Structure formats: structure tokens, C-alpha cells
>>> print(open('upload17.txt').read())   # compact mmCIF, C-alpha atoms and all ligand atoms
# COMPACT_ATOMS: atom_id res chain seq x y z
CA MET A 8 165.82 139.12 216.69
CA ALA A 9 169.48 139.01 215.63
CA ARG A 10 168.93 135.70 213.98
CA SER A 11 165.99 136.86 211.90
CA PHE A 12 168.06 139.86 210.80
CA VAL A 13 170.76 137.50 209.54
CA VAL A 14 168.14 135.47 207.71
CA VAL A 15 166.78 138.60 206.06
CA VAL A 16 170.26 139.76 205.01
CA LEU A 17 171.02 136.32 203.64
CA PHE A 18 167.72 136.23 201.75
CA VAL A 19 168.21 139.70 200.26
CA SER A 20 171.75 138.94 199.16
CA VAL A 21 170.69 135.68 197.52
CA LEU A 22 167.98 137.62 195.72
CA CYS A 23 170.45 140.26 194.50
CA PHE A 24 172.94 137.66 193.42
CA SER A 25 170.42 135.65 191.45
CA SER A 26 168.97 138.67 189.68
CA ALA A 27 172.48 139.87 188.81
CA LEU A 28 173.15 136.41 187.45
CA ALA A 29 169.91 136.43 185.46
CA ARG A 30 170.81 139.80 183.97
CA LYS A 31 174.22 138.52 182.97
CA ILE A 32 172.91 135.34 181.37
CA SER A 33 170.15 137.14 179.52
CA LYS A 34 172.64 139.24 177.54
CA LYS A 35 173.17 136.38 175.17
CA PHE A 36 170.71 135.63 172.39
CA TYR A 37 170.40 133.02 169.69
CA VAL A 38 169.16 134.17 166.32
CA GLU A 39 167.77 131.20 164.41
CA GLY A 40 166.23 130.81 161.01
CA LYS A 41 166.09 128.89 157.80
CA ILE A 42 166.89 129.41 154.15
CA TYR A 43 164.81 127.59 151.56
CA CYS A 44 164.56 127.13 147.84
CA ASP A 45 161.31 128.02 146.11
CA PRO A 46 161.10 126.11 142.81
CA CYS A 47 157.76 127.77 141.92
CA HIS A 48 158.53 131.51 141.94
CA PHE A 49 155.85 131.92 144.61
CA THR A 50 158.20 133.91 146.87
CA PHE A 51 156.75 131.96 149.79
CA GLU A 52 157.28 128.44 151.07
CA SER A 53 155.20 125.59 149.68
CA ARG A 54 155.41 121.85 149.99
CA LEU A 55 157.75 121.80 146.99
CA SER A 56 160.21 124.09 148.75
CA PHE A 57 163.34 122.49 150.12
CA PRO A 58 166.08 123.62 152.50
CA LEU A 59 169.26 125.23 151.19
CA PRO A 60 172.48 124.14 152.90
CA GLY A 61 175.72 126.15 152.75
CA VAL A 62 174.13 129.58 152.35
CA ASN A 63 176.04 132.39 154.02
CA VAL A 64 173.97 134.68 156.21
CA THR A 65 174.96 137.83 158.07
CA LEU A 66 173.36 139.33 161.14
CA GLU A 67 173.68 143.10 160.96
CA CYS A 68 172.76 145.59 163.64
CA ILE A 69 172.60 149.30 162.89
CA ASN A 70 172.30 152.12 165.39
CA GLU A 71 168.99 153.87 164.72
CA TYR A 72 170.23 157.36 165.45
CA ASN A 73 173.48 157.67 163.53
CA ASN A 74 173.10 154.79 161.07
CA THR A 75 176.38 153.12 162.03
CA MET A 76 176.92 149.38 162.04
CA THR A 77 177.22 148.22 165.64
CA TYR A 78 177.30 144.45 165.27
CA MET A 79 177.94 141.99 162.50
CA LYS A 80 178.24 138.24 162.57
CA ASN A 81 178.35 135.65 159.82
CA SER A 82 177.07 132.11 159.71
CA THR A 83 176.24 129.41 157.21
CA THR A 84 173.20 127.15 156.93
CA ASP A 85 173.61 123.48 157.87
CA ALA A 86 172.50 120.38 155.95
CA ILE A 87 168.83 121.13 156.66
CA GLY A 88 169.02 124.82 155.79
CA LEU A 89 169.12 126.11 159.37
CA TYR A 90 171.45 128.65 160.93
CA ARG A 91 171.99 129.75 164.51
CA ILE A 92 173.94 132.86 165.43
CA SER A 93 174.86 133.58 169.04
CA VAL A 94 174.82 137.25 169.94
CA HIS A 95 176.36 138.86 172.98
CA GLY A 96 174.99 141.99 174.52
CA ASP A 97 171.72 143.87 174.48
CA HIS A 98 170.94 145.69 171.24
CA GLU A 99 167.93 147.69 172.30
CA ASP A 100 168.71 150.81 170.25
CA ASN A 101 169.65 148.84 167.19
CA ILE A 102 167.86 147.65 164.10
CA CYS A 103 169.05 144.09 163.56
CA VAL A 104 168.31 142.02 160.47
CA VAL A 105 169.61 138.86 158.84
CA VAL A 106 170.73 139.16 155.22
CA ALA A 107 171.20 136.03 153.10
CA ASN A 108 173.91 135.96 150.47
CA SER A 109 172.89 134.59 147.14
CA PRO A 110 174.42 131.10 146.67
CA ASN A 111 177.05 131.17 143.93
CA GLU A 112 176.40 127.62 142.80
CA GLY A 113 173.51 125.18 142.59
CA ARG A 114 170.23 125.66 140.81
CA CYS A 115 168.63 127.92 143.37
CA LYS A 116 170.16 131.37 143.34
CA GLU A 117 167.53 133.74 141.96
CA ALA A 118 166.97 136.58 144.39
CA MET A 119 163.91 137.23 146.50
CA PRO A 120 163.88 139.75 149.33
CA ASN A 121 167.00 138.61 151.16
CA LYS A 122 166.62 140.69 154.28
CA SER A 123 164.65 139.51 157.30
CA ASP A 124 162.11 141.44 159.30
CA ARG A 125 163.54 143.38 162.21
CA ILE A 126 164.87 141.21 165.03
CA ILE A 127 164.45 142.45 168.59
CA LEU A 128 167.59 141.73 170.60
CA THR A 129 166.72 143.03 174.03
CA ASN A 130 165.01 141.62 177.08
CA ASN A 131 163.43 144.96 177.85
CA MET A 132 160.46 144.08 175.68
CA GLY A 133 159.38 141.33 178.05
CA ALA A 134 160.32 138.31 175.95
CA ALA A 135 161.74 135.73 178.35
CA SER A 136 163.28 133.36 175.85
CA ARG A 137 166.78 133.88 174.49
CA ALA A 138 165.99 132.44 171.07
CA ARG A 139 164.88 134.79 168.32
CA TYR A 140 163.26 133.12 165.33
CA VAL A 141 163.75 134.90 162.04
CA ASN A 142 161.20 134.68 159.22
CA PRO A 143 162.39 132.20 156.55
CA LEU A 144 164.34 133.66 153.63
CA GLY A 145 164.58 132.03 150.25
CA PHE A 146 165.96 131.91 146.75
CA MET A 147 164.27 130.70 143.60
CA THR A 148 165.23 128.34 140.83
CA GLN A 149 165.63 129.80 137.37
CA THR A 150 163.00 127.54 135.84
CA ILE A 151 159.65 126.73 137.39
CA ASP A 152 159.09 123.12 138.49
CA SER A 153 156.34 121.42 136.48
CA GLU A 154 154.57 120.30 139.67
CA CYS A 155 154.02 123.87 140.76
CA ASN A 156 150.73 124.32 138.97
CA VAL A 157 149.31 121.48 141.07
CA ILE A 158 150.12 123.57 144.14
CA VAL A 159 148.67 126.69 142.56
CA HIS A 160 145.46 124.73 142.18
CA GLU A 161 145.63 123.26 145.71
CA LEU A 162 146.01 126.70 147.19
CA GLY A 163 143.21 128.10 145.07
CA LEU A 164 145.53 130.65 143.48
CA ASP A 165 144.66 129.88 139.85
CA ASN A 166 143.62 133.47 139.24
CA LEU A 167 146.95 134.82 140.44
CA PHE A 168 149.22 132.53 138.40
CA ASP A 169 147.73 132.30 134.93
C1 LIG B 201 176.33 156.28 167.41
O1 LIG B 201 175.52 156.45 168.57
C2 LIG B 201 175.88 155.60 169.64
C3 LIG B 201 174.90 155.79 170.78
O2 LIG B 201 173.85 156.65 170.47
C4 LIG B 201 177.31 155.89 170.08
O3 LIG B 201 177.67 155.01 171.13
C5 LIG B 201 178.24 155.68 168.92
O4 LIG B 201 179.56 156.06 169.29
C6 LIG B 201 177.79 156.54 167.73
N1 LIG B 201 178.66 156.24 166.60
C7 LIG B 201 179.14 157.18 165.81
C8 LIG B 201 180.03 156.71 164.70
O5 LIG B 201 178.88 158.36 165.97
C1 LIG B 202 181.00 138.49 156.92
O1 LIG B 202 180.87 138.24 155.53
C2 LIG B 202 180.95 139.42 154.73
C3 LIG B 202 180.72 139.00 153.30
O2 LIG B 202 179.48 138.40 153.18
C4 LIG B 202 182.32 140.07 154.90
O3 LIG B 202 182.34 141.28 154.17
C5 LIG B 202 182.54 140.36 156.38
O4 LIG B 202 183.85 140.85 156.56
C6 LIG B 202 182.33 139.14 157.23
N1 LIG B 202 182.38 139.54 158.62
C7 LIG B 202 182.97 138.82 159.57
C8 LIG B 202 182.90 139.37 160.95
O5 LIG B 202 183.54 137.76 159.32
C1 LIG B 203 170.06 141.29 148.54
O1 LIG B 203 169.19 141.60 147.47
C2 LIG B 203 169.44 142.88 146.90
C3 LIG B 203 168.34 143.14 145.89
O2 LIG B 203 168.07 142.01 145.13
C4 LIG B 203 170.85 142.87 146.27
O3 LIG B 203 171.13 144.14 145.73
C5 LIG B 203 171.86 142.56 147.36
O4 LIG B 203 173.16 142.44 146.79
C6 LIG B 203 171.51 141.27 148.06
N1 LIG B 203 172.40 141.07 149.18
C7 LIG B 203 173.08 139.97 149.35
C8 LIG B 203 173.92 139.96 150.58
O5 LIG B 203 173.02 139.03 148.61
C1 LIG B 204 180.63 131.66 152.55
O1 LIG B 204 181.59 132.25 153.38
C2 LIG B 204 182.82 131.55 153.39
C3 LIG B 204 183.70 132.15 154.46
O2 LIG B 204 183.65 133.55 154.44
C4 LIG B 204 183.43 131.62 151.99
O3 LIG B 204 184.65 130.92 151.96
C5 LIG B 204 182.47 131.01 151.00
O4 LIG B 204 182.96 131.16 149.69
C6 LIG B 204 181.11 131.66 151.09
N1 LIG B 204 180.16 130.92 150.28
C7 LIG B 204 179.30 131.51 149.46
C8 LIG B 204 178.37 130.60 148.72
O5 LIG B 204 179.24 132.74 149.32
>>> encode(input="upload17.txt", output="C-alpha cells")
Amino acid sequence: MARSFVVVVLFVSVLCFSSALARKISKKFYVEGKIYCDPCHFTFESRLSFPLPGVNVTLECINEYNNTMTYMKNSTTDAIGLYRISVHGDHEDNICVVVANSPNEGRCKEAMPNKSDRIILTNNMGAASRARYVNPLGFMTQTIDSECNVIVHELGLDNLFD
């Protein structure tokens, strides 16, 4: 009897400890995404798009109720146009987005929407993973690549881009 009580206590405390640990670990997220160049003025990615290294991005979280900035973190894309921002804490009541800064050099700096969709940085929504993938953001070249009309044709968009 006494022994089984000890076993139960031990089991319950292991359970508590591991769930406390899980809660602690889960308060860190990784926000990941990519920045690309669109040489066709499509404002979406195509097979002529290419990654943009060295673009500064900022993760911004704003409190929904009083519109104050609660979290901000900068990063820069790597050689293959990817960035990864680690975030501490749960941001359930926040609206978090990634904003890409227009590159100040290179041939790809024409603006497109530079703000991501809303990123959910809480575990209370049931997502188990700690990685949050952001929709790709891009910039456009000033002139349109001559190969782009081949893609327009491939995609059957001839009516849209006359
Ligand atoms: C905004 O609201 C949050 C929680 O609702 C609070 O913690 C924070 O202090 C508020 N900030 C300002 C500037 O009022
Ligand atoms: C992030 O970069 C912006 C400019 O893009 C700057 O205003 C801000 O101070 C930077 N924030 C941090 C935390 O470095
Ligand atoms: C994002 O784009 C808007 C509209 O084109 C522009 O006003 C804003 O300065 C841009 N933000 C950054 C960080 O480049
Ligand atoms: C990116 O941010 C770094 C550090 O804040 C700054 O030195 C650099 O000029 C920025 N690059 C661009 C393209 O804005």
C-alpha cells in the first residue's frame, strides 16, 4: 500500500515536472521566411524569381487593444534569401507581422506589399511546432525581364498581361 502510494507520488511529480518543462520550452518560436526578387512585375513568385540576400526584415508585434508595440526584432536574409528570427514569450494578444525593408542597392528594390500576413505566436491555438512560416515577401526589378512573357503564356495569363 505504502509502496504504491510512493509510486503514484513519483509518477504525478514526473508528470508535473515534464509538463512544466514543456510549457517553458514552448515559449520560444522561430519565425522563418524568404524574400525574393520578381523580375516580371507579377507580384507573385515564378520560376524566374530568385532569392534576395542581405535584405533587412523586422518582426513587429502590436498589442491589439492599445496599439502599442510590444516586440520588435531585426534580422537579415542569408545567401539564399532566408531569414529566421527567434522569439521569446507567448504573444497571444498581439498582432505580429514581418516587414521587409526595401534594399538600397542592387537591381531589385521596387516595392510590393512588404508586410506579411499575421503570424500567430502562441501555443494556445493548438499548433505543436515552434516554427512559424511566413508567406514569402518580394521586391521587383525596375525593368521587366524579356523571358517573362514566356511565363505569362505558360501560366495561361495572356489576357491579364497584354
Ligand atoms: C497595453 O495593454 C497591455 C495589456 O492589455 C498592457 O500590459 C500594456 O501596459 C498596455 N500598454 C500601454 C502603453 O498602455
Ligand atoms: C531594427 O531596425 C529598425 C530600422 O529598420 C530600427 O529602427 C530599429 O531600431 C531596429 N531595432 C532593433 C531592436 O535593433
Ligand atoms: C513598406 O511599403 C510601404 C508602401 O509601399 C512603404 O510606405 C514603407 O516605407 C515600406 N516599409 C519598409 C520597412 O520598407
Ligand atoms: C540592414 O541593417 C544593418 C544593421 O542595422 C545596416 O547596417 C544596413 O545598412 C541595413 N541594410 C539595408 C539594405 O538597409
>>> closest_residue(input="upload17.txt", among="A:Asn111, A:Cys68, A:Phe146, A:Arg54", to="Gly88 (chain A)", atoms="all atoms listed in the file")
A:Phe146
>>> closest_residue(input="upload17.txt", among="A:Thr75, A:His95, A:Asp124, A:Asn63", to="ligand LIG 203 (chain B)", atoms="all atoms listed in the file")
A:Asn63
>>> residues_near_ligand(input="upload17.txt", ligand="ligand LIG 201 (chain B)", cutoff="10 Å", atoms="all atoms listed in the file", output="list in words")
Ile69, Asn70, Glu71, Tyr72, Asn73, Asn74, Thr75, Met76, Thr77, Asp100 and Asn101 of chain A
>>> residues_near_ligand(input="upload17.txt", ligand="ligand LIG 204 (chain B)", cutoff="12 Å", atoms="all atoms listed in the file", output="mmCIF file with C-alpha atoms, in the frame of the given file")
data_model
loop_
_atom_site.group_PDB
_atom_site.id
_atom_site.type_symbol
_atom_site.label_atom_id
_atom_site.label_comp_id
_atom_site.auth_asym_id
_atom_site.auth_seq_id
_atom_site.Cartn_x
_atom_site.Cartn_y
_atom_site.Cartn_z
ATOM 1 C CA LEU A 59 169.260 125.230 151.190
ATOM 2 C CA PRO A 60 172.480 124.140 152.900
ATOM 3 C CA GLY A 61 175.720 126.150 152.750
ATOM 4 C CA VAL A 62 174.130 129.580 152.350
ATOM 5 C CA ASN A 63 176.040 132.390 154.020
ATOM 6 C CA VAL A 64 173.970 134.680 156.210
ATOM 7 C CA THR A 65 174.960 137.830 158.070
ATOM 8 C CA LYS A 80 178.240 138.240 162.570
ATOM 9 C CA ASN A 81 178.350 135.650 159.820
ATOM 10 C CA SER A 82 177.070 132.110 159.710
ATOM 11 C CA THR A 83 176.240 129.410 157.210
ATOM 12 C CA THR A 84 173.200 127.150 156.930
ATOM 13 C CA ALA A 107 171.200 136.030 153.100
ATOM 14 C CA ASN A 108 173.910 135.960 150.470
ATOM 15 C CA SER A 109 172.890 134.590 147.140
ATOM 16 C CA PRO A 110 174.420 131.100 146.670
ATOM 17 C CA ASN A 111 177.050 131.170 143.930
ATOM 18 C CA GLU A 112 176.400 127.620 142.800
ATOM 19 C CA GLY A 113 173.510 125.180 142.590
ATOM 20 C CA CYS A 115 168.630 127.920 143.370
ATOM 21 C CA LYS A 116 170.160 131.370 143.340
#
>>> closest_residue(input="upload17.txt", among="A:Ile42, A:Met79, A:Val106, A:Ala86", to="ligand LIG 203 (chain B)", atoms="all atoms listed in the file")
A:Val106
>>> closest_residue(input="upload17.txt", among="A:His160, A:Lys122, A:Arg137, A:Arg114", to="ligand LIG 203 (chain B)", atoms="only C-alpha atoms and all ligand atoms")
A:Lys122
>>> closest_residue(input="upload17.txt", among="A:Val157, A:Leu55, A:Cys47, A:Val105", to="ligand LIG 203 (chain B)", atoms="all atoms listed in the file")
A:Val105
>>> closest_residue(input="upload17.txt", among="A:Gly96, A:Pro46, A:Gly40, A:Pro120", to="ligand LIG 203 (chain B)", atoms="all atoms listed in the file")
A:Pro120
>>> atom_distance(input="upload17.txt", atom1="CA of Asn121 (chain A)", atom2="atom C1 of ligand LIG 203 (chain B)")
4.8 Å
>>> atom_distance(input="upload17.txt", atom1="CA of Thr50 (chain A)", atom2="atom C4 of ligand LIG 203 (chain B)")
15.5 Å
>>> atom_distance(input="upload17.txt", atom1="CA of Pro58 (chain A)", atom2="atom C2 of ligand LIG 202 (chain B)")
21.8 Å
>>> axis_aligned_box(input="upload17.txt", around="ligand LIG 202 (chain B)", padding_each_side="4 Å", output="AutoDock Vina command-line options")
--center_x 181.7 --center_y 139.5 --center_z 157.1 --size_x 12.4 --size_y 11.5 --size_z 15.8
>>> residues_around(input="upload17.txt", residues="Glu67 (chain A)", least_positions_apart="6", cutoff="6 Å", atoms="only C-alpha atoms", output="JSON list (two decimals) with C-alpha atoms, in the frame of the given file")
[["chain", "number", "residue", "atom", "x", "y", "z"],
["A", 78, "TYR", "CA", 177.30, 144.45, 165.27],
["A", 79, "MET", "CA", 177.94, 141.99, 162.50],
["A", 103, "CYS", "CA", 169.05, 144.09, 163.56],
["A", 104, "VAL", "CA", 168.31, 142.02, 160.47]]
>>> decode(input="upload17.txt", residues="region 54-81 of chain A", atoms="N, CA and C atoms", output="PDB file, in the first residue's frame")
ATOM      1  N   ARG A  54       9.025  30.957 -61.812  1.00  0.00           N
ATOM      2  CA  ARG A  54      10.323  30.269 -61.910  1.00  0.00           C
ATOM      3  C   ARG A  54      11.453  31.215 -62.307  1.00  0.00           C
ATOM      4  N   LEU A  55      11.149  32.440 -62.657  1.00  0.00           N
ATOM      5  CA  LEU A  55      12.209  33.422 -62.913  1.00  0.00           C
ATOM      6  C   LEU A  55      12.559  34.231 -61.667  1.00  0.00           C
ATOM      7  N   SER A  56      11.808  34.034 -60.593  1.00  0.00           N
ATOM      8  CA  SER A  56      12.129  34.716 -59.339  1.00  0.00           C
ATOM      9  C   SER A  56      13.421  34.146 -58.778  1.00  0.00           C
ATOM     10  N   PHE A  57      14.106  34.956 -58.007  1.00  0.00           N
ATOM     11  CA  PHE A  57      15.332  34.468 -57.364  1.00  0.00           C
ATOM     12  C   PHE A  57      15.435  35.070 -55.964  1.00  0.00           C
ATOM     13  N   PRO A  58      16.163  34.380 -55.074  1.00  0.00           N
ATOM     14  CA  PRO A  58      16.230  34.848 -53.694  1.00  0.00           C
ATOM     15  C   PRO A  58      17.034  36.133 -53.547  1.00  0.00           C
ATOM     16  N   LEU A  59      16.660  36.941 -52.569  1.00  0.00           N
ATOM     17  CA  LEU A  59      17.373  38.191 -52.301  1.00  0.00           C
ATOM     18  C   LEU A  59      18.122  38.102 -50.978  1.00  0.00           C
ATOM     19  N   PRO A  60      19.459  38.044 -51.045  1.00  0.00           N
ATOM     20  CA  PRO A  60      20.249  38.036 -49.810  1.00  0.00           C
ATOM     21  C   PRO A  60      20.414  39.453 -49.259  1.00  0.00           C
ATOM     22  N   GLY A  61      20.705  39.551 -47.966  1.00  0.00           N
ATOM     23  CA  GLY A  61      21.053  40.842 -47.362  1.00  0.00           C
ATOM     24  C   GLY A  61      19.901  41.819 -47.227  1.00  0.00           C
ATOM     25  N   VAL A  62      18.659  41.311 -47.233  1.00  0.00           N
ATOM     26  CA  VAL A  62      17.514  42.206 -47.025  1.00  0.00           C
ATOM     27  C   VAL A  62      17.186  42.242 -45.534  1.00  0.00           C
ATOM     28  N   ASN A  63      17.040  43.437 -45.002  1.00  0.00           N
ATOM     29  CA  ASN A  63      16.689  43.572 -43.588  1.00  0.00           C
ATOM     30  C   ASN A  63      15.189  43.372 -43.390  1.00  0.00           C
ATOM     31  N   VAL A  64      14.860  42.551 -42.424  1.00  0.00           N
ATOM     32  CA  VAL A  64      13.451  42.329 -42.095  1.00  0.00           C
ATOM     33  C   VAL A  64      13.245  42.610 -40.611  1.00  0.00           C
ATOM     34  N   THR A  65      12.045  43.013 -40.256  1.00  0.00           N
ATOM     35  CA  THR A  65      11.724  43.296 -38.859  1.00  0.00           C
ATOM     36  C   THR A  65      10.439  42.570 -38.474  1.00  0.00           C
ATOM     37  N   LEU A  66      10.522  41.831 -37.385  1.00  0.00           N
ATOM     38  CA  LEU A  66       9.309  41.254 -36.808  1.00  0.00           C
ATOM     39  C   LEU A  66       8.733  42.274 -35.836  1.00  0.00           C
ATOM     40  N   GLU A  67       7.472  42.615 -36.025  1.00  0.00           N
ATOM     41  CA  GLU A  67       6.826  43.603 -35.161  1.00  0.00           C
ATOM     42  C   GLU A  67       5.561  43.021 -34.567  1.00  0.00           C
ATOM     43  N   CYS A  68       5.423  43.143 -33.255  1.00  0.00           N
ATOM     44  CA  CYS A  68       4.193  42.707 -32.607  1.00  0.00           C
ATOM     45  C   CYS A  68       3.535  43.910 -31.956  1.00  0.00           C
ATOM     46  N   ILE A  69       2.244  44.025 -32.180  1.00  0.00           N
ATOM     47  CA  ILE A  69       1.483  45.160 -31.653  1.00  0.00           C
ATOM     48  C   ILE A  69       0.351  44.641 -30.792  1.00  0.00           C
ATOM     49  N   ASN A  70       0.166  45.236 -29.642  1.00  0.00           N
ATOM     50  CA  ASN A  70      -0.947  44.878 -28.773  1.00  0.00           C
ATOM     51  C   ASN A  70      -2.257  45.320 -29.427  1.00  0.00           C
ATOM     52  N   GLU A  71      -3.179  44.374 -29.540  1.00  0.00           N
ATOM     53  CA  GLU A  71      -4.439  44.652 -30.253  1.00  0.00           C
ATOM     54  C   GLU A  71      -5.278  45.732 -29.604  1.00  0.00           C
ATOM     55  N   TYR A  72      -5.196  45.820 -28.281  1.00  0.00           N
ATOM     56  CA  TYR A  72      -6.152  46.686 -27.580  1.00  0.00           C
ATOM     57  C   TYR A  72      -5.703  48.135 -27.520  1.00  0.00           C
ATOM     58  N   ASN A  73      -4.398  48.366 -27.260  1.00  0.00           N
ATOM     59  CA  ASN A  73      -3.981  49.763 -27.148  1.00  0.00           C
ATOM     60  C   ASN A  73      -2.970  50.167 -28.228  1.00  0.00           C
ATOM     61  N   ASN A  74      -2.790  49.276 -29.222  1.00  0.00           N
ATOM     62  CA  ASN A  74      -1.984  49.647 -30.384  1.00  0.00           C
ATOM     63  C   ASN A  74      -0.526  49.986 -30.071  1.00  0.00           C
ATOM     64  N   THR A  75       0.012  49.430 -28.986  1.00  0.00           N
ATOM     65  CA  THR A  75       1.411  49.715 -28.668  1.00  0.00           C
ATOM     66  C   THR A  75       2.304  48.572 -29.148  1.00  0.00           C
ATOM     67  N   MET A  76       3.490  48.912 -29.531  1.00  0.00           N
ATOM     68  CA  MET A  76       4.473  47.922 -29.971  1.00  0.00           C
ATOM     69  C   MET A  76       4.957  47.144 -28.756  1.00  0.00           C
ATOM     70  N   THR A  77       4.840  45.820 -28.812  1.00  0.00           N
ATOM     71  CA  THR A  77       5.238  45.011 -27.667  1.00  0.00           C
ATOM     72  C   THR A  77       6.510  44.219 -27.923  1.00  0.00           C
ATOM     73  N   TYR A  78       6.855  44.048 -29.194  1.00  0.00           N
ATOM     74  CA  TYR A  78       8.029  43.236 -29.509  1.00  0.00           C
ATOM     75  C   TYR A  78       8.539  43.638 -30.876  1.00  0.00           C
ATOM     76  N   MET A  79       9.854  43.703 -30.977  1.00  0.00           N
ATOM     77  CA  MET A  79      10.451  44.068 -32.254  1.00  0.00           C
ATOM     78  C   MET A  79      11.802  43.394 -32.362  1.00  0.00           C
ATOM     79  N   LYS A  80      12.048  42.758 -33.484  1.00  0.00           N
ATOM     80  CA  LYS A  80      13.348  42.114 -33.653  1.00  0.00           C
ATOM     81  C   LYS A  80      13.745  42.133 -35.117  1.00  0.00           C
ATOM     82  N   ASN A  81      15.001  42.480 -35.361  1.00  0.00           N
ATOM     83  CA  ASN A  81      15.501  42.597 -36.726  1.00  0.00           C
ATOM     84  C   ASN A  81      16.290  41.376 -37.148  1.00  0.00           C
TER      85      ASN A  81
END
